[in-house]
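Novice: I'm passing along target-v1.txt; it holds compact mmCIF, C-alpha atoms.
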```
# COMPACT_ATOMS: atom_id res chain seq x y z
CA MET A 215 -59.16 13.83 -7.03
CA ALA A 216 -62.93 13.67 -6.71
CA LEU A 217 -64.73 15.92 -9.12
CA ALA A 218 -68.40 16.51 -8.52
CA MET A 219 -70.19 15.36 -11.65
CA ARG A 220 -73.71 16.42 -12.54
CA HIS A 221 -74.83 12.88 -13.27
CA ALA A 222 -73.41 9.66 -11.91
CA CYS A 223 -74.06 5.96 -11.50
CA PHE A 224 -72.37 2.98 -9.90
CA ILE A 225 -71.91 -0.32 -11.73
CA THR A 226 -70.47 -3.57 -10.41
CA VAL A 227 -69.20 -6.11 -12.95
CA GLY A 228 -67.70 -9.26 -11.48
CA PRO A 229 -65.18 -8.16 -8.84
CA ALA A 230 -64.79 -4.61 -10.20
CA ARG A 231 -66.79 -1.62 -9.03
CA PHE A 232 -67.06 1.50 -11.16
CA ARG A 233 -68.39 4.95 -10.55
CA ILE A 234 -69.21 6.76 -13.76
CA GLY A 235 -69.82 10.47 -13.71
CA SER A 236 -70.89 12.62 -16.62
CA ASP A 237 -71.52 16.23 -17.49
CA TRP A 238 -74.59 15.02 -19.38
CA ARG A 239 -77.55 12.93 -18.46
CA ALA A 240 -77.94 10.87 -21.66
CA PRO A 241 -74.88 8.57 -21.35
CA ILE A 242 -75.76 7.79 -17.73
CA ASP A 243 -79.36 6.94 -18.64
CA GLU A 244 -78.10 4.66 -21.43
CA LEU A 245 -75.65 2.98 -19.06
CA ARG A 246 -78.40 2.41 -16.48
CA ALA A 247 -80.56 0.77 -19.15
CA LEU A 248 -77.73 -1.40 -20.51
CA TYR A 249 -76.64 -2.44 -17.01
CA ALA A 250 -80.15 -2.79 -15.58
CA ASP A 251 -79.45 -6.38 -14.41
CA TYR A 252 -76.15 -5.53 -12.69
CA PRO A 253 -75.77 -4.33 -9.10
CA LEU A 254 -76.07 -0.55 -9.27
CA ASP A 255 -75.77 0.15 -5.54
CA GLU A 256 -73.58 2.95 -4.29
CA VAL A 257 -70.31 1.32 -3.27
CA VAL A 258 -66.75 2.41 -2.73
CA PRO A 259 -65.56 2.15 -6.32
CA ASP A 260 -62.34 0.60 -7.57
CA PHE A 261 -62.36 3.08 -10.43
CA THR A 262 -63.90 6.41 -11.18
CA VAL A 263 -64.63 7.28 -14.78
CA ARG A 264 -65.53 10.77 -15.88
CA LEU A 265 -67.17 11.78 -19.11
CA GLN A 266 -66.58 15.46 -19.24
CA ALA A 267 -67.12 18.28 -21.68
CA THR A 268 -63.95 19.04 -23.59
CA SER A 269 -64.58 22.68 -22.72
CA ALA A 270 -67.29 24.54 -20.87
CA LEU A 271 -68.78 25.72 -24.16
CA ARG A 272 -68.66 22.25 -25.66
CA ARG A 273 -71.43 21.15 -23.37
CA TYR A 274 -73.83 23.34 -25.32
CA VAL A 275 -72.26 23.68 -28.75
CA ARG A 276 -71.74 20.33 -30.55
CA PRO A 277 -71.15 18.45 -27.34
CA GLN A 278 -68.16 16.13 -27.18
CA VAL A 279 -67.16 13.79 -24.40
CA ALA A 280 -63.60 13.41 -23.25
CA ILE A 281 -62.73 10.38 -21.17
CA ALA A 282 -61.11 11.01 -17.83
CA GLY A 283 -60.65 8.88 -14.77
CA ASP A 284 -58.09 7.32 -12.50
CA PHE A 285 -56.12 6.40 -15.62
CA THR A 286 -56.14 8.33 -18.87
CA LEU A 287 -54.44 8.05 -22.22
CA PRO A 288 -53.15 11.34 -23.60
CA ASP A 289 -54.29 10.54 -27.13
CA ALA A 290 -57.82 9.34 -26.30
CA LEU A 291 -59.92 11.30 -28.75
CA PRO A 292 -63.07 13.09 -27.65
CA LEU A 293 -66.20 11.44 -29.04
CA PRO A 294 -69.47 13.09 -30.04
CA LEU A 295 -72.10 13.00 -27.30
CA GLU A 296 -74.23 10.43 -29.17
CA GLN A 297 -71.36 8.03 -28.54
CA GLY A 298 -71.24 8.76 -24.82
CA LEU A 299 -72.16 5.15 -24.06
CA LEU A 300 -69.20 3.95 -26.10
CA ALA A 301 -66.97 6.48 -24.35
CA ALA A 302 -68.09 5.12 -20.98
CA GLU A 303 -67.40 1.53 -22.05
CA MET A 304 -63.98 2.45 -23.44
CA ALA A 305 -63.17 4.31 -20.25
CA MET A 306 -64.15 1.31 -18.10
CA ASN A 307 -61.91 -0.91 -20.26
CA LEU A 308 -59.07 1.53 -19.87
CA GLN A 309 -59.37 1.62 -16.09
CA MET A 310 -59.33 -2.19 -15.94
CA ALA A 311 -56.45 -2.55 -18.40
CA LEU A 312 -54.22 -0.06 -16.65
CA GLY A 313 -55.29 -0.27 -13.05
CA TRP A 314 -56.48 -3.73 -12.10
CA ARG A 315 -54.01 -5.68 -9.96
CA ARG A 316 -56.02 -8.41 -8.23
CA HIS A 317 -56.02 -10.68 -11.29
CA LEU A 318 -53.87 -11.35 -14.30
CA LEU A 319 -55.82 -9.68 -17.07
CA LEU A 320 -55.96 -11.33 -20.46
CA HIS A 321 -57.47 -9.61 -23.46
CA ALA A 322 -59.80 -12.51 -24.18
CA SER A 323 -63.36 -13.77 -24.11
CA ALA A 324 -64.55 -16.79 -22.14
CA VAL A 325 -67.50 -19.14 -21.77
CA SER A 326 -67.88 -22.19 -19.58
CA ARG A 327 -69.75 -25.43 -19.26
CA GLN A 328 -69.81 -27.86 -16.36
CA GLY A 329 -67.47 -25.67 -14.35
CA ARG A 330 -64.72 -25.50 -16.98
CA ALA A 331 -63.95 -22.43 -19.07
CA VAL A 332 -62.92 -22.01 -22.69
CA VAL A 333 -60.67 -18.96 -22.96
CA MET A 334 -60.50 -17.39 -26.42
CA THR A 335 -57.89 -14.81 -27.25
CA GLY A 336 -56.52 -13.18 -30.37
CA LEU A 337 -56.02 -9.91 -32.13
CA SER A 338 -58.77 -7.33 -32.17
CA GLY A 339 -61.24 -8.27 -34.92
CA ALA A 340 -60.32 -11.98 -34.85
CA GLY A 341 -63.86 -12.83 -33.75
CA LYS A 342 -63.35 -13.90 -30.14
CA SER A 343 -66.05 -11.56 -28.87
CA THR A 344 -68.74 -12.67 -31.35
CA LEU A 345 -67.86 -16.33 -30.87
CA SER A 346 -68.32 -16.00 -27.11
CA ALA A 347 -71.66 -14.23 -27.66
CA LEU A 348 -72.84 -17.01 -30.01
CA LEU A 349 -71.80 -19.75 -27.58
CA ALA A 350 -73.55 -17.91 -24.75
CA GLU A 351 -76.84 -18.15 -26.71
CA ARG A 352 -76.31 -21.88 -27.27
CA GLY A 353 -76.07 -23.28 -23.80
CA TRP A 354 -72.74 -21.94 -22.57
CA ARG A 355 -72.30 -19.72 -19.56
CA PHE A 356 -70.97 -16.29 -20.56
CA LEU A 357 -67.92 -15.13 -18.57
CA GLY A 358 -66.91 -12.08 -20.58
CA ASP A 359 -66.03 -10.89 -24.08
CA GLU A 360 -63.27 -8.39 -23.31
CA PHE A 361 -61.17 -9.46 -20.32
CA VAL A 362 -60.46 -12.76 -18.65
CA LEU A 363 -59.49 -12.32 -15.01
CA LEU A 364 -57.14 -15.02 -13.82
CA ASP A 365 -56.72 -15.36 -10.05
CA PRO A 366 -52.99 -15.79 -9.34
CA ASP A 367 -53.68 -17.65 -6.09
CA SER A 368 -56.34 -20.16 -7.11
CA GLY A 369 -55.73 -20.28 -10.87
CA ASN A 370 -59.49 -19.78 -11.33
CA ILE A 371 -61.24 -17.37 -13.67
CA ALA A 372 -63.39 -14.62 -12.18
CA PRO A 373 -66.23 -13.79 -14.59
CA PHE A 374 -66.35 -10.25 -15.94
CA PRO A 375 -69.54 -10.47 -18.02
CA ARG A 376 -69.84 -6.98 -19.45
CA PRO A 377 -72.35 -6.38 -22.23
CA VAL A 378 -70.86 -7.64 -25.50
CA SER A 379 -69.66 -4.90 -27.78
CA LEU A 380 -70.83 -6.07 -31.22
CA LYS A 381 -69.15 -4.49 -34.21
CA ASN A 382 -70.32 -4.12 -37.81
CA GLN A 383 -71.45 -7.45 -39.36
CA ALA A 384 -71.52 -9.14 -35.94
CA ILE A 385 -74.52 -6.96 -35.08
CA ALA A 386 -76.81 -8.52 -37.72
CA ALA A 387 -75.50 -12.00 -36.85
CA MET A 388 -76.47 -11.59 -33.20
CA GLU A 389 -79.77 -9.87 -34.00
CA ARG A 390 -80.70 -13.07 -35.87
CA GLU A 391 -79.56 -15.16 -32.91
CA VAL A 392 -81.21 -13.26 -30.06
CA ASP A 393 -84.98 -13.01 -30.12
CA ASP A 394 -85.25 -10.25 -27.53
CA GLU A 395 -84.85 -6.66 -28.67
CA THR A 396 -84.67 -5.41 -25.08
CA ARG A 397 -81.27 -7.03 -24.64
CA PHE A 398 -79.71 -4.72 -27.26
CA GLY A 399 -78.43 -1.21 -26.65
CA PRO A 400 -78.76 1.68 -29.10
CA VAL A 401 -77.02 1.44 -32.49
CA LEU A 402 -73.91 3.63 -32.40
CA ARG A 403 -72.91 4.62 -35.94
CA ASP A 404 -69.69 6.14 -37.29
CA THR A 405 -67.62 5.37 -34.23
CA PRO A 406 -63.84 4.94 -34.56
CA LYS A 407 -64.55 1.18 -34.71
CA GLY A 408 -67.43 1.42 -37.19
CA THR A 409 -70.99 0.64 -36.11
CA ILE A 410 -71.34 -0.70 -32.58
CA ARG A 411 -74.26 -2.19 -30.70
CA HIS A 412 -74.14 -3.66 -27.21
CA LEU A 413 -75.79 -6.93 -26.26
CA ARG A 414 -76.70 -7.56 -22.64
CA PRO A 415 -75.77 -11.07 -21.44
CA ARG A 416 -78.60 -13.32 -20.28
CA THR A 417 -79.70 -12.36 -16.78
CA GLU A 418 -78.66 -15.71 -15.29
CA TRP A 419 -74.99 -15.13 -16.29
CA ILE A 420 -75.03 -11.75 -14.59
CA GLU A 421 -76.62 -13.24 -11.46
CA GLN A 422 -73.88 -15.88 -11.34
CA MET A 423 -70.97 -13.53 -11.98
CA ALA A 424 -69.48 -13.93 -8.50
CA ARG A 425 -68.97 -17.67 -9.11
CA GLU A 426 -65.44 -18.46 -10.31
CA THR A 427 -64.67 -21.27 -12.70
CA ARG A 428 -61.67 -23.41 -13.62
CA PRO A 429 -59.90 -22.94 -16.95
CA GLY A 430 -60.32 -25.94 -19.28
CA LEU A 431 -59.28 -25.02 -22.81
CA LEU A 432 -57.36 -22.19 -24.50
CA LEU A 433 -58.24 -21.20 -28.06
CA PHE A 434 -56.84 -18.68 -30.52
CA PRO A 435 -59.77 -18.19 -32.91
CA ARG A 436 -59.58 -16.47 -36.31
CA PHE A 437 -62.82 -15.70 -38.12
CA GLY A 438 -63.01 -15.54 -41.93
CA PHE A 439 -60.46 -18.22 -42.81
CA PRO A 440 -60.91 -21.76 -44.15
CA ARG A 441 -61.51 -24.22 -41.35
CA ALA A 442 -58.30 -25.35 -39.67
CA VAL A 443 -57.18 -26.56 -36.25
CA ARG A 444 -53.60 -26.44 -35.05
CA ARG A 445 -52.31 -27.56 -31.66
CA MET A 446 -50.27 -24.89 -29.95
CA ASP A 447 -47.47 -25.76 -27.57
CA GLU A 448 -47.04 -24.26 -24.12
CA ALA A 449 -44.19 -21.93 -25.03
CA GLU A 450 -46.06 -20.33 -27.96
CA SER A 451 -49.23 -19.98 -25.87
CA PHE A 452 -47.19 -18.40 -23.12
CA VAL A 453 -45.59 -15.82 -25.41
CA ARG A 454 -48.90 -14.96 -27.05
CA LEU A 455 -50.61 -14.56 -23.69
CA THR A 456 -47.90 -12.27 -22.31
CA GLN A 457 -48.75 -10.08 -25.31
CA ALA A 458 -52.50 -10.44 -24.71
CA SER A 459 -52.16 -9.45 -21.07
CA THR A 460 -52.48 -5.81 -20.09
CA ASN A 461 -50.87 -6.20 -16.67
CA TYR A 462 -48.46 -9.14 -16.95
CA VAL A 463 -45.40 -6.95 -16.38
CA ALA A 464 -47.05 -4.95 -13.61
CA LEU A 465 -47.88 -8.11 -11.64
CA GLY A 466 -44.24 -9.25 -11.66
CA GLU A 467 -43.65 -12.68 -10.17
CA ARG A 468 -47.37 -13.23 -9.47
CA GLY A 469 -48.07 -12.71 -13.17
CA PHE A 470 -45.33 -15.17 -14.15
CA ASP A 471 -46.66 -17.79 -11.73
CA ALA A 472 -50.26 -17.32 -12.84
CA LEU A 473 -49.49 -17.46 -16.54
CA THR A 474 -47.07 -20.40 -16.47
CA GLN A 475 -49.52 -22.35 -14.33
CA PHE A 476 -52.34 -21.49 -16.72
CA VAL A 477 -50.61 -22.54 -19.96
CA ARG A 478 -49.40 -25.78 -18.38
CA SER A 479 -52.85 -26.67 -17.09
CA VAL A 480 -54.87 -26.28 -20.31
CA PRO A 481 -54.47 -27.63 -23.84
CA ALA A 482 -54.32 -24.92 -26.51
CA CYS A 483 -55.35 -24.74 -30.18
CA ALA A 484 -55.43 -22.13 -32.90
CA ILE A 485 -58.71 -22.43 -34.79
CA ASP A 486 -59.70 -20.84 -38.10
CA TYR A 487 -63.34 -20.81 -39.16
CA ALA A 488 -65.31 -19.29 -42.01
CA THR A 489 -68.71 -18.82 -40.35
CA GLY A 490 -70.04 -18.38 -36.83
CA ASP A 491 -71.76 -21.78 -36.95
CA GLU A 492 -68.48 -23.42 -37.92
CA GLY A 493 -66.73 -21.66 -35.04
CA VAL A 494 -69.32 -22.90 -32.55
CA GLU A 495 -69.07 -26.43 -33.94
CA LEU A 496 -65.25 -26.41 -33.65
CA VAL A 497 -65.36 -25.22 -30.05
CA GLU A 498 -67.96 -27.88 -29.20
CA ARG A 499 -65.86 -30.61 -30.84
CA LEU A 500 -62.59 -29.63 -29.15
CA TRP A 501 -64.49 -29.35 -25.89
CA SER A 502 -65.93 -32.86 -26.24
CA GLU A 503 -62.49 -34.32 -27.04
CA GLN A 504 -61.00 -32.61 -24.03
CA GLY A 505 -64.01 -33.49 -21.89
CA ALA A 506 -63.43 -37.17 -22.63
CA LYS A 507 -59.92 -36.83 -21.20
CA TRP A 508 -61.23 -35.11 -18.07
CA GLY A 509 -63.69 -37.96 -17.76
CA ASP A 510 -60.90 -40.53 -18.10
CA ARG A 511 -58.89 -38.74 -15.46
CA ALA A 512 -61.85 -38.46 -13.11
CA ALA A 513 -62.60 -42.14 -13.60
CA ALA A 514 -58.97 -43.18 -13.13
CA MET B 201 -4.96 -12.50 -20.51
CA SER B 202 -7.72 -12.72 -17.98
CA GLU B 203 -10.11 -15.61 -18.24
CA ARG B 204 -13.81 -15.30 -17.76
CA ALA B 205 -15.46 -17.36 -15.07
CA TYR B 206 -19.15 -17.75 -14.34
CA ALA B 207 -21.32 -18.64 -11.38
CA ALA B 208 -25.01 -19.30 -10.89
CA LEU B 209 -27.20 -16.61 -9.33
CA PRO B 210 -28.60 -17.28 -5.85
CA GLY B 211 -31.55 -19.67 -6.04
CA HIS B 212 -34.23 -17.05 -5.36
CA ALA B 213 -33.11 -14.85 -8.27
CA LEU B 214 -34.55 -17.11 -10.97
CA LYS B 215 -37.88 -18.86 -11.38
CA ARG B 216 -37.73 -21.49 -14.06
CA VAL B 217 -40.65 -23.30 -15.67
CA ARG B 218 -40.11 -25.93 -18.33
CA MET B 219 -42.37 -25.68 -21.40
CA GLY B 220 -41.70 -28.43 -23.88
CA GLY B 221 -38.22 -27.84 -25.31
CA LEU B 222 -38.12 -24.31 -23.95
CA GLU B 223 -37.88 -22.81 -20.52
CA ALA B 224 -39.62 -19.70 -19.23
CA ILE B 225 -37.32 -17.96 -16.79
CA TYR B 226 -38.40 -15.12 -14.53
CA HIS B 227 -35.49 -12.94 -13.39
CA THR B 228 -36.67 -11.63 -10.03
CA PRO B 229 -34.25 -8.68 -9.65
CA SER B 230 -35.28 -7.12 -13.00
CA GLY B 231 -38.83 -8.51 -13.35
CA ILE B 232 -37.98 -9.59 -16.90
CA THR B 233 -39.26 -12.87 -18.35
CA HIS B 234 -36.97 -14.82 -20.68
CA LEU B 235 -37.92 -17.72 -22.91
CA LEU B 236 -34.81 -19.73 -23.63
CA ALA B 237 -34.05 -22.86 -25.63
CA GLU B 238 -31.49 -25.56 -24.97
CA PRO B 239 -28.66 -25.60 -24.03
CA VAL B 240 -29.41 -22.70 -21.71
CA PRO B 241 -31.44 -24.60 -19.09
CA GLU B 242 -28.77 -27.32 -19.07
CA LEU B 243 -26.03 -24.70 -18.63
CA LEU B 244 -27.87 -23.15 -15.71
CA ASP B 245 -28.33 -26.60 -14.18
CA ALA B 246 -24.63 -27.31 -14.55
CA LEU B 247 -23.69 -24.02 -12.90
CA ASP B 248 -26.18 -24.73 -10.11
CA ALA B 249 -24.57 -28.12 -9.57
CA VAL B 250 -21.17 -26.46 -9.15
CA GLY B 251 -22.60 -24.24 -6.41
CA THR B 252 -23.79 -20.63 -6.43
CA ASP B 253 -20.57 -19.12 -5.06
CA THR B 254 -18.16 -21.11 -7.17
CA PHE B 255 -16.94 -19.40 -10.34
CA VAL B 256 -15.92 -21.74 -13.14
CA THR B 257 -14.53 -21.22 -16.62
CA ALA B 258 -16.19 -22.55 -19.77
CA GLU B 259 -13.46 -25.22 -19.94
CA ARG B 260 -14.22 -26.52 -16.48
CA LEU B 261 -17.93 -26.48 -17.15
CA VAL B 262 -17.45 -28.45 -20.36
CA ALA B 263 -15.42 -31.03 -18.47
CA GLN B 264 -18.15 -31.32 -15.90
CA ILE B 265 -20.96 -31.64 -18.44
CA ALA B 266 -18.91 -34.08 -20.55
CA SER B 267 -18.68 -36.41 -17.57
CA ARG B 268 -22.46 -36.82 -17.77
CA PHE B 269 -23.40 -36.09 -21.42
CA ASP B 270 -21.95 -36.63 -24.86
CA LEU B 271 -21.14 -33.22 -26.27
CA VAL B 272 -21.73 -33.22 -30.02
CA GLY B 273 -21.74 -29.89 -31.85
CA ASP B 274 -23.24 -29.07 -35.22
CA ASP B 275 -19.82 -28.10 -36.51
CA PRO B 276 -16.91 -30.46 -35.69
CA GLN B 277 -14.46 -27.57 -36.20
CA GLU B 278 -15.97 -25.70 -33.25
CA ARG B 279 -14.63 -26.46 -29.81
CA PRO B 280 -17.39 -27.06 -27.22
CA GLU B 281 -15.57 -24.70 -24.84
CA GLN B 282 -15.89 -21.91 -27.38
CA VAL B 283 -19.61 -22.47 -27.98
CA LEU B 284 -20.39 -22.76 -24.28
CA GLY B 285 -18.25 -19.71 -23.58
CA GLU B 286 -20.31 -17.67 -26.02
CA ARG B 287 -23.59 -18.84 -24.50
CA LEU B 288 -22.33 -18.06 -21.00
CA ALA B 289 -21.24 -14.58 -22.08
CA GLU B 290 -24.75 -13.99 -23.48
CA LEU B 291 -26.33 -15.19 -20.25
CA ALA B 292 -24.05 -12.89 -18.25
CA ALA B 293 -25.09 -9.97 -20.47
CA LEU B 294 -28.73 -10.77 -19.65
CA GLY B 295 -27.90 -10.93 -15.96
CA LEU B 296 -28.89 -14.59 -15.70
CA VAL B 297 -25.43 -15.71 -14.52
CA ARG B 298 -22.65 -13.93 -12.66
CA LEU B 299 -19.38 -13.08 -14.43
CA ARG B 300 -15.89 -12.60 -13.01
CA ALA B 301 -12.68 -11.98 -14.89
CA GLU B 302 -9.93 -14.21 -13.45
CA ALA B 303 -6.27 -13.26 -13.71
```
Render the structure in this file as structure tokens.
Specialist:
Amino acid sequence: MALAMRHACFITVGPARFRIGSDWRAPIDELRALYADYPLDEVVPDFTVRLQATSALRRYVRPQVAIAGDFTLPDALPLPLEQGLLAAEMAMNLQMALGWRRHLLLHASAVSRQGRAVVMTGLSGAGKSTLSALLAERGWRFLGDEFVLLDPDSGNIAPFPRPVSLKNQAIAAMEREVDDETRFGPVLRDTPKGTIRHLRPRTEWIEQMARETRPGLLLFPRFGFPRAVRRMDEAESFVRLTQASTNYVALGERGFDALTQFVRSVPACAIDYATGDEGVELVERLWSEQGAKWGDRAAA
Amino acid sequence: MSERAYAALPGHALKRVRMGGLEAIYHTPSGITHLLAEPVPELLDALDAVGTDTFVTAERLVAQIASRFDLVGDDPQERPEQVLGERLAELAALGLVRLRAEA
């Protein structure tokens, strides 16, 4: 069903094309600013997202946005209009999580170096998003902070480098790290997830988002715990990733093939770290250890 | 009393991937993924070796496995046939092997 929306824009992120329509102008303007570096051409979209007034009156009296689109959740709460940008982001996530079939989707962040990706997954709030944002400011290529798209045929990762959704104390941490105010979106206060501020990835990572990369390392980070590293075996990684995937069941045999191939091809570790710097250092160290093995293999 | 006999599913019905001591098994007809520990993969292998259309009892399967492996249980009071029979019944309940009651 195509509803004519008053305001609309098109956004392409990695392989996914979105059309976002809104009853109001403000969320669309904010999206255009946040996604200024992304292709915004009119294309045939994979998903249509609608931010619509919860009632005709609502558009004028204490406006609230309800999320609608190809896929909707019955209990998705309307948000106040000031959080229209957040509503749009949540709606785009929802469309991907429920509708995307071309890749195995893992709820995870990822960065890469020298053509090999570190995939970081864990429960919401475990710090995977902030850790990927930190690494992306320190020489790593940013592949995404929300979803990792695993190609069932090639086993490669397709980047999905959306703006990073920084929450609460992660906002100040990244404001210290990034010396460019224009890369930040507006501060969204009192959202269901606390305070949120978006951080636009470096332009080069957006320009390179069509370039796939090979998985190299799988990590299960936990922020706020004393430093610890534990090797994780294939079976435990597999079970955890089936839980971290939004479309594993929907993909059937292709999902099974993609996930078993993935966990058998990369070493996995659970890492606990107390500070962002410690997290970055742990990732760098595990990467170097693993890199030495790749080197040995290449040399052999 | 009828005796239960078991046979392997056709080859295309299961996808099996070894992961350390465990095995991830994708059951194509249902789309369900199982993660199973030993002795399940070994039992499935033994049934496969018998042939997909041949139904065998737990006793016969034990005899076949015993010709290649030493069967040592945790509890010497337990007969291997009994333990294997229970595992096979569980696998049949999951749809991972076929079950037939023999007169």
Novice: Within 9 Å of stretch 254-265 of chain B, counting all atoms listed in the file, which residues qualify if same-chain residues fewer than 3 places away don't, as a PyMOL selection string?
Specialist: chain B and resi 203-208+242-243+246-247+250-251+268-271+280-286+288+298-300+302
Novice: Please, what distance in Å, to one decimal, runs between atom CA of B:Val240 and atom CA of A:Phe434?
Specialist: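 Result for atom CA of B:Val240 versus atom CA of A:Phe434: 29.1 Å, one decimal.
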Novice: Compile the residues of chain B that lie within 7 Å of chain A, evaluated using all atoms listed in the file, and express the compilation as a list in words.
Specialist: Met219, Gly220, Leu222, Tyr226 and Gly231 of chain B
Novice: Residues at most 7 Å from A:Val325, counting all atoms listed in the file, excluding those fewer than 2 positions away in the same chain, as a list in words?
Specialist: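 The filter keeps Ala331, Val332, Val333, Ser346, Ala350, Trp354, Arg355, Phe356 and Leu357 of chain A.
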Novice: Work out how far apart atom CA of B:Glu290 and atom CA of B:Ala249 are and give it in Å to one decimal.
Specialist: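 Going from atom CA of B:Glu290 over to atom CA of B:Ala249, I get 19.8 Å.
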Novice: Report the distance between atom CA of A:Arg445 and atom CA of A:Gln504 in Å, rounded to one decimal place.
Specialist: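 Rounded to one decimal, the two atoms are 12.6 Å apart.
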Novice: Got a sec: who's within 12 Å of A:Asp251, counting only C-alpha atoms, leaving out chain neighbours fewer than 5 positions off, as a list of chain:residue names?
Specialist: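 Result of the neighbour search: A:Ile225, A:Thr226, A:Val227, A:Leu245, A:Arg246, A:Pro375, A:Arg376, A:Pro377, A:Thr396, A:Arg397, A:Arg414, A:Pro415, A:Arg416, A:Thr417, A:Glu418, A:Trp419, A:Ile420, A:Glu421, A:Gln422, A:Met423.
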Novice: Could you check the closest approach to A:Arg231 for each of A:Ala250, A:Val258, A:Met219, A:Val480 and tell me which residue wins, using all atoms listed in the file?
Specialist: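 Using all atoms listed in the file, the shortest distance to A:Arg231 belongs to A:Val258.
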Novice: Counting only C-alpha atoms, which of A:Pro241, A:Gly509, A:Gly408, A:Gly493 gets nearest to A:Arg220?
Specialist: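 Ranked by minimum distance to A:Arg220, first place goes to A:Pro241.
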Novice: Can you tell me which residues surround A:Ile242 at a distance of at most 10 Å, considering all atoms listed in the file, apart from same-chain residues fewer than 4 positions away, and format the answer as a PDB file with C-alpha atoms, in the frame of the given file?
Specialist:
```
ATOM      1  CA  HIS A 221     -74.830  12.880 -13.270  1.00  0.00           C
ATOM      2  CA  ALA A 222     -73.410   9.660 -11.910  1.00  0.00           C
ATOM      3  CA  CYS A 223     -74.060   5.960 -11.500  1.00  0.00           C
ATOM      4  CA  PHE A 224     -72.370   2.980  -9.900  1.00  0.00           C
ATOM      5  CA  ILE A 234     -69.210   6.760 -13.760  1.00  0.00           C
ATOM      6  CA  GLY A 235     -69.820  10.470 -13.710  1.00  0.00           C
ATOM      7  CA  SER A 236     -70.890  12.620 -16.620  1.00  0.00           C
ATOM      8  CA  ASP A 237     -71.520  16.230 -17.490  1.00  0.00           C
ATOM      9  CA  TRP A 238     -74.590  15.020 -19.380  1.00  0.00           C
ATOM     10  CA  ARG A 246     -78.400   2.410 -16.480  1.00  0.00           C
ATOM     11  CA  ALA A 247     -80.560   0.770 -19.150  1.00  0.00           C
ATOM     12  CA  LEU A 248     -77.730  -1.400 -20.510  1.00  0.00           C
ATOM     13  CA  LEU A 265     -67.170  11.780 -19.110  1.00  0.00           C
ATOM     14  CA  GLY A 298     -71.240   8.760 -24.820  1.00  0.00           C
ATOM     15  CA  LEU A 299     -72.160   5.150 -24.060  1.00  0.00           C
ATOM     16  CA  ALA A 302     -68.090   5.120 -20.980  1.00  0.00           C
TER      17      ALA A 302
END
```
Novice: Select, from B:Ser267, B:Ser230, B:Thr252, B:Gln277, the residue with the minimum atom-to-atom distance to B:Leu294, counting all atoms listed in the file.
Specialist: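 Ranking B:Ser267, B:Ser230, B:Thr252, B:Gln277 by distance to B:Leu294, first place goes to B:Ser230.
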Novice: Closest to A:Leu308 among A:Ala424, A:Val263, A:Leu348, A:Ile485, using all atoms listed in the file?
Specialist: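 Once distances to A:Leu308 are computed over all atoms listed in the file, the minimum belongs to A:Val263.
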Novice: Within 7 Å of A:Gly358, counting only C-alpha atoms, which residues qualify if same-chain residues fewer than 4 places away don't, as a PyMOL selection string?
Specialist: chain A and resi 323-324+362+373-376
